[in-house]
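**Student:** So here's run24.pdb, just PDB, C-alpha atoms (C1' of nucleotides):
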```
ATOM      1  CA  MET A   1      88.759 130.944  19.608
ATOM      2  CA  THR A   2      85.302 129.998  20.703
ATOM      3  CA  SER A   3      82.140 132.016  21.119
ATOM      4  CA  LEU A   4      79.596 131.139  23.779
ATOM      5  CA  GLY A   5      76.710 132.986  22.180
ATOM      6  CA  ARG A   6      74.460 135.163  24.299
ATOM      7  CA  VAL A   7      75.061 134.736  28.028
ATOM      8  CA  THR A   8      74.085 136.606  31.198
ATOM      9  CA  LEU A   9      76.464 137.226  34.092
ATOM     10  CA  LEU A  10      75.092 136.094  37.445
ATOM     11  CA  THR A  11      74.673 138.750  40.141
ATOM     12  CA  ALA A  12      75.930 138.961  43.719
ATOM     13  CA  ASP A  13      72.301 138.555  44.828
ATOM     14  CA  PHE A  14      72.249 135.091  43.281
ATOM     15  CA  PHE A  15      74.836 134.036  45.888
ATOM     16  CA  ASN A  16      73.401 136.062  48.773
ATOM     17  CA  ARG A  17      71.262 133.191  50.143
ATOM     18  CA  ASP A  18      71.471 129.735  51.688
ATOM     19  CA  PRO A  19      74.313 127.657  50.135
ATOM     20  CA  ARG A  20      71.863 124.776  49.628
ATOM     21  CA  ARG A  21      69.738 126.921  47.313
ATOM     22  CA  VAL A  22      72.820 128.282  45.553
ATOM     23  CA  ALA A  23      74.288 124.790  45.032
ATOM     24  CA  ARG A  24      71.090 123.620  43.368
ATOM     25  CA  ALA A  25      70.631 126.793  41.308
ATOM     26  CA  LEU A  26      74.229 126.680  40.013
ATOM     27  CA  LEU A  27      73.620 123.402  38.168
ATOM     28  CA  GLY A  28      73.467 124.073  34.420
ATOM     29  CA  LYS A  29      75.277 127.429  34.650
ATOM     30  CA  LEU A  30      78.616 127.995  32.893
ATOM     31  CA  LEU A  31      81.984 128.565  34.556
ATOM     32  CA  VAL A  32      84.072 130.639  32.154
ATOM     33  CA  ARG A  33      87.815 131.366  32.076
ATOM     34  CA  ARG A  34      89.163 134.017  29.719
ATOM     35  CA  THR A  35      92.736 133.344  28.592
ATOM     36  CA  PRO A  36      95.050 135.029  26.067
ATOM     37  CA  HIS A  37      94.511 131.995  23.831
ATOM     38  CA  GLY A  38      90.722 131.893  24.009
ATOM     39  CA  ILE A  39      87.734 131.067  26.148
ATOM     40  CA  LEU A  40      87.530 128.006  28.381
ATOM     41  CA  ALA A  41      84.082 127.034  29.618
ATOM     42  CA  GLY A  42      82.335 124.174  31.342
ATOM     43  CA  ARG A  43      78.753 123.537  32.381
ATOM     44  CA  ILE A  44      78.366 123.024  36.132
ATOM     45  CA  VAL A  45      76.933 119.523  36.629
ATOM     46  CA  GLU A  46      77.836 118.785  40.282
ATOM     47  CA  THR A  47      78.147 120.919  43.433
ATOM     48  CA  GLU A  48      78.279 120.601  47.224
ATOM     49  CA  ALA A  49      76.931 123.057  49.796
ATOM     50  CA  TYR A  50      79.021 123.926  52.857
ATOM     51  CA  LEU A  51      77.093 125.708  55.557
ATOM     52  CA  GLY A  52      78.579 128.232  57.941
ATOM     53  CA  LYS A  53      76.804 127.264  61.136
ATOM     54  CA  GLY A  54      76.418 123.700  62.381
ATOM     55  CA  ASP A  55      78.415 122.149  59.546
ATOM     56  CA  ALA A  56      81.490 120.443  61.020
ATOM     57  CA  ALA A  57      82.750 119.507  57.534
ATOM     58  CA  ALA A  58      83.018 123.137  56.365
ATOM     59  CA  HIS A  59      86.390 124.892  56.429
ATOM     60  CA  SER A  60      84.671 127.762  58.178
ATOM     61  CA  ALA A  61      83.513 125.525  61.081
ATOM     62  CA  ALA A  62      86.410 126.439  63.388
ATOM     63  CA  GLY A  63      86.071 130.159  62.767
ATOM     64  CA  ARG A  64      87.738 132.706  60.549
ATOM     65  CA  THR A  65      91.433 132.277  59.645
ATOM     66  CA  ALA A  66      93.670 133.794  56.979
ATOM     67  CA  ARG A  67      93.014 130.727  54.836
ATOM     68  CA  ASN A  68      89.195 130.746  54.862
ATOM     69  CA  ALA A  69      88.552 134.510  55.140
ATOM     70  CA  VAL A  70      86.818 134.639  51.743
ATOM     71  CA  LEU A  71      84.025 132.365  53.026
ATOM     72  CA  PHE A  72      83.201 135.017  55.622
ATOM     73  CA  GLY A  73      83.240 137.852  53.089
ATOM     74  CA  PRO A  74      80.620 139.112  50.610
ATOM     75  CA  PRO A  75      78.845 136.654  48.243
ATOM     76  CA  GLY A  76      80.090 135.726  44.785
ATOM     77  CA  TYR A  77      83.833 135.510  45.482
ATOM     78  CA  ALA A  78      86.200 132.598  44.777
ATOM     79  CA  TYR A  79      87.571 130.574  47.688
ATOM     80  CA  VAL A  80      90.434 128.366  46.504
ATOM     81  CA  TYR A  81      92.221 125.920  48.777
ATOM     82  CA  PHE A  82      95.037 123.409  48.340
ATOM     83  CA  ILE A  83      94.444 119.807  49.398
ATOM     84  CA  TYR A  84      96.328 116.484  49.643
ATOM     85  CA  GLY A  85      99.580 118.088  48.617
ATOM     86  CA  SER A  86      98.663 118.373  44.959
ATOM     87  CA  HIS A  87      95.152 119.596  44.200
ATOM     88  CA  TYR A  88      93.284 122.895  44.204
ATOM     89  CA  CYS A  89      89.528 123.110  44.762
ATOM     90  CA  LEU A  90      87.273 126.019  43.764
ATOM     91  CA  ASN A  91      84.352 127.321  45.840
ATOM     92  CA  VAL A  92      82.164 130.416  45.699
ATOM     93  CA  SER A  93      81.192 132.368  48.803
ATOM     94  CA  CYS A  94      77.512 132.640  49.758
ATOM     95  CA  LEU A  95      75.435 134.681  52.232
ATOM     96  CA  PRO A  96      76.064 138.335  53.192
ATOM     97  CA  ASP A  97      79.384 139.818  54.332
ATOM     98  CA  GLY A  98      80.205 138.515  57.813
ATOM     99  CA  VAL A  99      78.299 135.225  57.468
ATOM    100  CA  ALA A 100      80.220 132.091  56.392
ATOM    101  CA  GLY A 101      78.979 129.730  53.706
ATOM    102  CA  GLY A 102      79.978 128.435  50.289
ATOM    103  CA  VAL A 103      79.502 126.024  47.427
ATOM    104  CA  LEU A 104      82.190 123.654  46.112
ATOM    105  CA  PHE A 105      82.318 123.088  42.347
ATOM    106  CA  ARG A 106      82.808 119.338  41.890
ATOM    107  CA  ALA A 107      82.424 118.641  38.163
ATOM    108  CA  LEU A 108      82.010 120.365  34.795
ATOM    109  CA  GLU A 109      80.883 119.223  31.382
ATOM    110  CA  PRO A 110      83.460 120.637  28.916
ATOM    111  CA  VAL A 111      81.802 123.181  26.584
ATOM    112  CA  ALA A 112      84.477 125.413  25.049
ATOM    113  CA  GLY A 113      88.264 125.332  24.781
ATOM    114  CA  ILE A 114      88.186 121.578  25.237
ATOM    115  CA  GLU A 115      91.573 120.931  23.629
ATOM    116  CA  GLN A 116      93.221 123.632  25.733
ATOM    117  CA  MET A 117      91.708 122.181  28.924
ATOM    118  CA  ALA A 118      92.805 118.667  27.967
ATOM    119  CA  GLU A 119      96.297 120.009  27.468
ATOM    120  CA  ALA A 120      96.273 121.685  30.878
ATOM    121  CA  ARG A 121      95.298 118.331  32.367
ATOM    122  CA  GLY A 122      98.026 116.483  30.492
ATOM    123  CA  VAL A 123      95.578 114.182  28.729
ATOM    124  CA  ALA A 124      95.457 115.851  25.296
ATOM    125  CA  GLU A 125      97.764 113.455  23.449
ATOM    126  CA  LYS A 126      96.841 110.300  25.309
ATOM    127  CA  THR A 127      93.128 110.202  24.621
ATOM    128  CA  ASP A 128      90.509 110.456  21.909
ATOM    129  CA  LEU A 129      88.515 113.580  22.770
ATOM    130  CA  ARG A 130      85.547 112.336  20.740
ATOM    131  CA  LYS A 131      84.868 109.758  23.454
ATOM    132  CA  ILE A 132      82.897 110.652  26.568
ATOM    133  CA  SER A 133      85.162 108.450  28.692
ATOM    134  CA  SER A 134      88.071 110.662  27.608
ATOM    135  CA  LEU A 135      86.230 113.950  28.120
ATOM    136  CA  ARG A 136      85.406 112.810  31.644
ATOM    137  CA  LYS A 137      89.123 112.929  32.497
ATOM    138  CA  ILE A 138      89.162 116.695  31.882
ATOM    139  CA  SER A 139      86.871 118.022  34.580
ATOM    140  CA  SER A 140      84.927 115.255  36.370
ATOM    141  CA  GLY A 141      86.173 115.995  39.885
ATOM    142  CA  PRO A 142      87.100 119.095  41.905
ATOM    143  CA  GLY A 143      90.875 118.770  41.472
ATOM    144  CA  ARG A 144      90.539 117.945  37.796
ATOM    145  CA  MET A 145      88.314 120.880  36.865
ATOM    146  CA  ALA A 146      90.543 123.284  38.779
ATOM    147  CA  GLU A 147      93.551 122.076  36.841
ATOM    148  CA  ALA A 148      91.656 122.223  33.522
ATOM    149  CA  LEU A 149      90.803 125.904  34.113
ATOM    150  CA  GLY A 150      94.211 126.752  35.572
ATOM    151  CA  VAL A 151      92.715 127.650  38.954
ATOM    152  CA  THR A 152      95.272 128.221  41.727
ATOM    153  CA  ARG A 153      95.081 129.881  45.117
ATOM    154  CA  ALA A 154      97.677 132.505  44.166
ATOM    155  CA  ARG A 155      95.836 133.427  40.995
ATOM    156  CA  ASP A 156      92.153 133.188  41.897
ATOM    157  CA  ASN A 157      91.491 133.170  45.649
ATOM    158  CA  GLY A 158      89.369 136.204  46.530
ATOM    159  CA  LYS A 159      88.458 136.921  42.888
ATOM    160  CA  ASN A 160      85.013 138.378  42.147
ATOM    161  CA  LEU A 161      83.142 135.813  40.021
ATOM    162  CA  VAL A 162      80.263 138.147  39.155
ATOM    163  CA  ASN A 163      82.347 141.000  37.740
ATOM    164  CA  ALA A 164      82.328 141.384  33.938
ATOM    165  CA  ARG A 165      86.020 142.346  33.975
ATOM    166  CA  SER A 166      87.054 139.223  35.865
ATOM    167  CA  ASP A 167      88.853 136.509  33.875
ATOM    168  CA  LEU A 168      86.926 133.876  35.862
ATOM    169  CA  ARG A 169      83.163 134.230  36.102
ATOM    170  CA  ILE A 170      79.834 132.422  36.159
ATOM    171  CA  VAL A 171      77.207 132.988  33.472
ATOM    172  CA  HIS A 172      73.818 131.672  32.410
ATOM    173  CA  ASP A 173      73.086 130.704  28.799
ATOM    174  CA  GLY A 174      69.443 129.720  29.203
ATOM    175  CA  TYR A 175      70.134 126.016  29.731
ATOM    176  CA  ARG A 176      67.421 124.329  31.786
ATOM    177  CA  VAL A 177      68.123 121.436  34.144
ATOM    178  CA  ARG A 178      65.530 118.668  33.986
ATOM    179  CA  ARG A 179      66.131 116.757  37.182
ATOM    180  CA  VAL A 180      68.484 117.155  40.175
ATOM    181  CA  THR A 181      69.707 114.322  42.420
ATOM    182  CA  VAL A 182      70.719 115.023  46.049
ATOM    183  CA  THR A 183      73.104 112.749  48.006
ATOM    184  CA  PRO A 184      75.543 112.989  50.947
ATOM    185  CA  ARG A 185      78.813 114.789  50.244
ATOM    186  CA  ILE A 186      81.962 112.973  49.129
ATOM    187  CA  GLY A 187      85.311 112.573  50.852
ATOM    188  CA  ILE A 188      84.386 113.974  54.242
ATOM    189  CA  VAL A 189      84.112 112.410  57.692
ATOM    190  CA  LYS A 190      82.364 115.023  59.850
ATOM    191  CA  SER A 191      78.700 115.723  59.094
ATOM    192  CA  ALA A 192      79.024 113.125  56.347
ATOM    193  CA  GLU A 193      75.394 112.057  56.474
ATOM    194  CA  GLN A 194      73.793 115.357  55.445
ATOM    195  CA  PRO A 195      72.400 115.373  51.864
ATOM    196  CA  LEU A 196      74.247 118.421  50.525
ATOM    197  CA  ARG A 197      75.672 117.169  47.226
ATOM    198  CA  TYR A 198      73.701 118.105  44.117
ATOM    199  CA  PHE A 199      74.122 116.902  40.547
ATOM    200  CA  ILE A 200      72.235 116.837  37.243
ATOM    201  CA  ALA A 201      70.508 113.448  37.095
ATOM    202  CA  GLY A 202      71.913 111.211  34.381
ATOM    203  CA  ASN A 203      74.718 113.557  33.355
ATOM    204  CA  PRO A 204      77.810 111.494  32.424
ATOM    205  CA  PHE A 205      80.262 114.146  33.647
ATOM    206  CA  VAL A 206      79.323 113.871  37.323
ATOM    207  CA  SER A 207      82.352 112.685  39.346
ATOM    208  CA  GLY A 208      82.758 109.146  40.635
ATOM    209  CA  ARG A 209      83.934 105.840  39.263
ATOM    210  CA  SER A 210      80.762 104.903  37.431
ATOM    211  CA  LEU A 211      77.117 105.837  37.206
TER
ATOM    212  C1'  DG B   1      85.641  97.338  35.915
ATOM    213  C1'  DA B   2      86.461  97.570  40.843
ATOM    214  C1'  DG B   3      89.029  98.400  44.869
ATOM    215  C1'  DG B   4      93.008  99.823  47.586
ATOM    216  C1'  DA B   5      97.070 102.437  48.828
ATOM    217  C1'  DG B   6     100.491 106.073  48.164
ATOM    218  C1'  DA B   7     101.743 110.717  46.894
ATOM    219  C1'  DT B   8     102.694 115.325  48.863
ATOM    220  C1'  DC B   9     102.458 120.027  51.197
ATOM    221  C1'  DG B  10      99.756 123.994  53.143
ATOM    222  C1'  DT B  11      97.358 124.982  57.234
ATOM    223  C1'  DC B  12      96.247 124.787  61.937
ATOM    224  C1'  DT B  13      97.205 122.701  66.681
TER
ATOM    225  C1'  DG C   1     103.387 117.119  63.880
ATOM    226  C1'  DA C   2      99.035 115.469  62.012
ATOM    227  C1'  DC C   3      95.713 115.547  58.622
ATOM    228  C1'  DG C   4      92.925 116.515  54.543
ATOM    229  C1'  DA C   5      85.973 118.854  50.524
ATOM    230  C1'  DT C   6      91.598 114.150  45.716
ATOM    231  C1'  DC C   7      93.807 111.776  41.889
ATOM    232  C1'  DT C   8      96.382 108.229  39.735
ATOM    233  C1'  DC C   9      98.425 104.035  39.366
ATOM    234  C1'  DC C  10      98.568  99.289  40.246
ATOM    235  C1'  DT C  11      96.600  94.795  41.104
ATOM    236  C1'  DC C  12      93.044  91.455  40.819
ATOM    237  C1'  DT C  13      89.060  89.708  38.527
TER
END
```
Translate the structure of the given file into structure tokens.
**Tutor:**
Amino acid sequence: MTSLGRVTLLTADFFNRDPRRVARALLGKLLVRRTPHGILAGRIVETEAYLGKGDAAAHSAAGRTARNAVLFGPPGYAYVYFIYGSHYCLNVSCLPDGVAGGVLFRALEPVAGIEQMAEARGVAEKTDLRKISSLRKISSGPGRMAEALGVTRARDNGKNLVNARSDLRIVHDGYRVRRVTVTPRIGIVKSAEQPLRYFIAGNPFVSGRSL
DNA sequence: GAGGAGATCGTCT
DNA sequence: GACGATCTCCTCT
């Protein structure tokens, strides 16, 4: 069991604004999963903003469907989608009810429940968790962090991330981010040139092959 | 360490 | 029926 110390739950208002501001503000916050076996937590070190209007890369670009309905709903809710036949990705809805927009969580720095997350990823016995190169395999990438926290569409899509009773939520522990780097988003073709990817400068847990 | 290709299935056309 | 907000393995250096 692990304690996170004193933390503050984010509010719906935090997410009720432009996804670009939310993506930047989310850096340094903690994503927390409560399980029967203890707390899993990671610090958010990399995000991407997906805008509702004029963003061809966003899932909401073609209008509302059963799949992307959460993006059009109220702010602070989890949008989980399945990609490439094997991975889940976690987003949070932004902007008021009726307006599409969201932020994709791309990478976490493991903070609590590290062994349990490594086990969920299938890397617990193969690697030395004292090494940063091994810890990177846990949650440095959208599919990886979703698997580490046990995020699936069936379990978490539409879940309120700013409700104290939720088993998946986002909190602030007072951590301050020194410097943020902004680059184009990864893995997309449409609107690929827009600088909408944000990460903590110099943080070793940001996704990608090397720094 | 870097780069490339295959895996695999839900969602929308 | 095509494609994708990715990951891992394999090869080459």
**Student:** Would you mind telling me which residue in A:Val45, A:Lys190, A:Phe82, A:Asp13 lies nearest to chain B when using only C-alpha atoms (C1' of nucleotides)?
**Tutor:** A:Phe82
**Student:** Please report as JSON lines every residue of chain A lying within 12 Å of chain B, along with the nearest atom pair and their distance in Å (one decimal), using all atoms listed in the file.
**Tutor:**
```
{"residue": "A:His59", "atom": "CA", "partner": "B:DT11", "partner_atom": "C1'", "distance": 11.0}
{"residue": "A:Ala62", "atom": "CA", "partner": "B:DC12", "partner_atom": "C1'", "distance": 10.1}
{"residue": "A:Gly63", "atom": "CA", "partner": "B:DC12", "partner_atom": "C1'", "distance": 11.5}
{"residue": "A:Arg64", "atom": "CA", "partner": "B:DC12", "partner_atom": "C1'", "distance": 11.7}
{"residue": "A:Thr65", "atom": "CA", "partner": "B:DC12", "partner_atom": "C1'", "distance": 9.2}
{"residue": "A:Ala66", "atom": "CA", "partner": "B:DT11", "partner_atom": "C1'", "distance": 9.6}
{"residue": "A:Arg67", "atom": "CA", "partner": "B:DT11", "partner_atom": "C1'", "distance": 7.6}
{"residue": "A:Asn68", "atom": "CA", "partner": "B:DT11", "partner_atom": "C1'", "distance": 10.3}
{"residue": "A:Tyr81", "atom": "CA", "partner": "B:DG10", "partner_atom": "C1'", "distance": 8.9}
{"residue": "A:Phe82", "atom": "CA", "partner": "B:DG10", "partner_atom": "C1'", "distance": 6.8}
{"residue": "A:Ile83", "atom": "CA", "partner": "B:DG10", "partner_atom": "C1'", "distance": 7.7}
{"residue": "A:Tyr84", "atom": "CA", "partner": "B:DT8", "partner_atom": "C1'", "distance": 6.5}
{"residue": "A:Gly85", "atom": "CA", "partner": "B:DT8", "partner_atom": "C1'", "distance": 4.2}
{"residue": "A:Ser86", "atom": "CA", "partner": "B:DT8", "partner_atom": "C1'", "distance": 6.4}
{"residue": "A:His87", "atom": "CA", "partner": "B:DT8", "partner_atom": "C1'", "distance": 9.8}
{"residue": "A:Tyr88", "atom": "CA", "partner": "B:DG10", "partner_atom": "C1'", "distance": 11.1}
{"residue": "A:Arg153", "atom": "CA", "partner": "B:DG10", "partner_atom": "C1'", "distance": 11.0}
{"residue": "A:Arg209", "atom": "CA", "partner": "B:DA2", "partner_atom": "C1'", "distance": 8.8}
{"residue": "A:Ser210", "atom": "CA", "partner": "B:DG1", "partner_atom": "C1'", "distance": 9.1}
```
**Student:** Could you give me, as a list in words, the residues within 7 Å of Asn91 in chain A, counting all atoms listed in the file and dropping anything in the same chain fewer than 2 positions from it?
**Tutor:** Ala78, Tyr79, Val80, Cys89, Ser93, Gly102, Val103, Leu104 and Phe105 of chain A
**Student:** Please return, as a list of chain:residue names, all residues of chain C lying within 8 Å of chain A when only C-alpha atoms (C1' of nucleotides) are considered.
**Tutor:** C:DG4, C:DA5, C:DT6, C:DC7
**Student:** Please determine the residues with any atom at most 10 Å from (78.4, 121.4, 31.4) (coordinates as given in the file, with only C-alpha atoms (C1' of nucleotides) counting) and report them as a VMD selection string.
**Tutor:** chain A and resid 27 to 31 41 to 46 107 to 112 139 175 200 203 to 206
**Student:** Can you tell me, as number ranges by chain, what residues are no more than 12 Å from Ser134 in chain A when counting all atoms listed in the file, ignoring any on the same chain fewer than 2 positions away?
**Tutor:** A: 109-110, 114-115, 118, 121-132, 136-140, 204-205
**Student:** Box for chain C - axis-aligned, 5 Å on each of the six sides, all listed atoms - centre and size in Å to one decimal, as AutoDock Vina command-line options.
**Tutor:**
```
--center_x 94.7 --center_y 104.3 --center_z 51.2 --size_x 27.4 --size_y 39.1 --size_z 35.4
```
**Student:** Please measure the separation of CA of Pro19 in chain A and CA of Pro184 in chain A, giving the value in Å to one decimal.
**Tutor:**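 So the two atoms, CA of Pro19 in chain A and CA of Pro184 in chain A, lie 14.7 Å apart.
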**Student:** As an exercise, work out the distance from C1' of DA2 in chain C to CA of Gln194 in chain A in Å and give it to one decimal place.
**Tutor:**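 Computing it gives 26.1 Å between the two atoms.
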**Student:** Between CA of Ile39 in chain A and CA of Val171 in chain A, measure the distance and give it in Å to one decimal.
**Tutor:**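 Taking CA of Ile39 in chain A and CA of Val171 in chain A, their separation equals 13.0 Å.
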**Student:** Measuring atom to atom with all atoms listed in the file, identify which of A:Val32, A:Gly76, A:Glu193, A:Lys53 is nearest to Val7 in chain A.
**Tutor:**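 Of A:Val32, A:Gly76, A:Glu193, A:Lys53, the one nearest Val7 in chain A, counting all atoms listed in the file, is A:Val32.
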**Student:** Evaluate the PyMOL selection byres ((chain A and resi 201) around 7) on the structure here and hand back the selected residues as a list in words.
**Tutor:**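 For this structure, the PyMOL selection byres ((chain A and resi 201) around 7) resolves to Arg179, Val180, Thr181, Phe199, Ile200, Gly202 and Asn203 of chain A.
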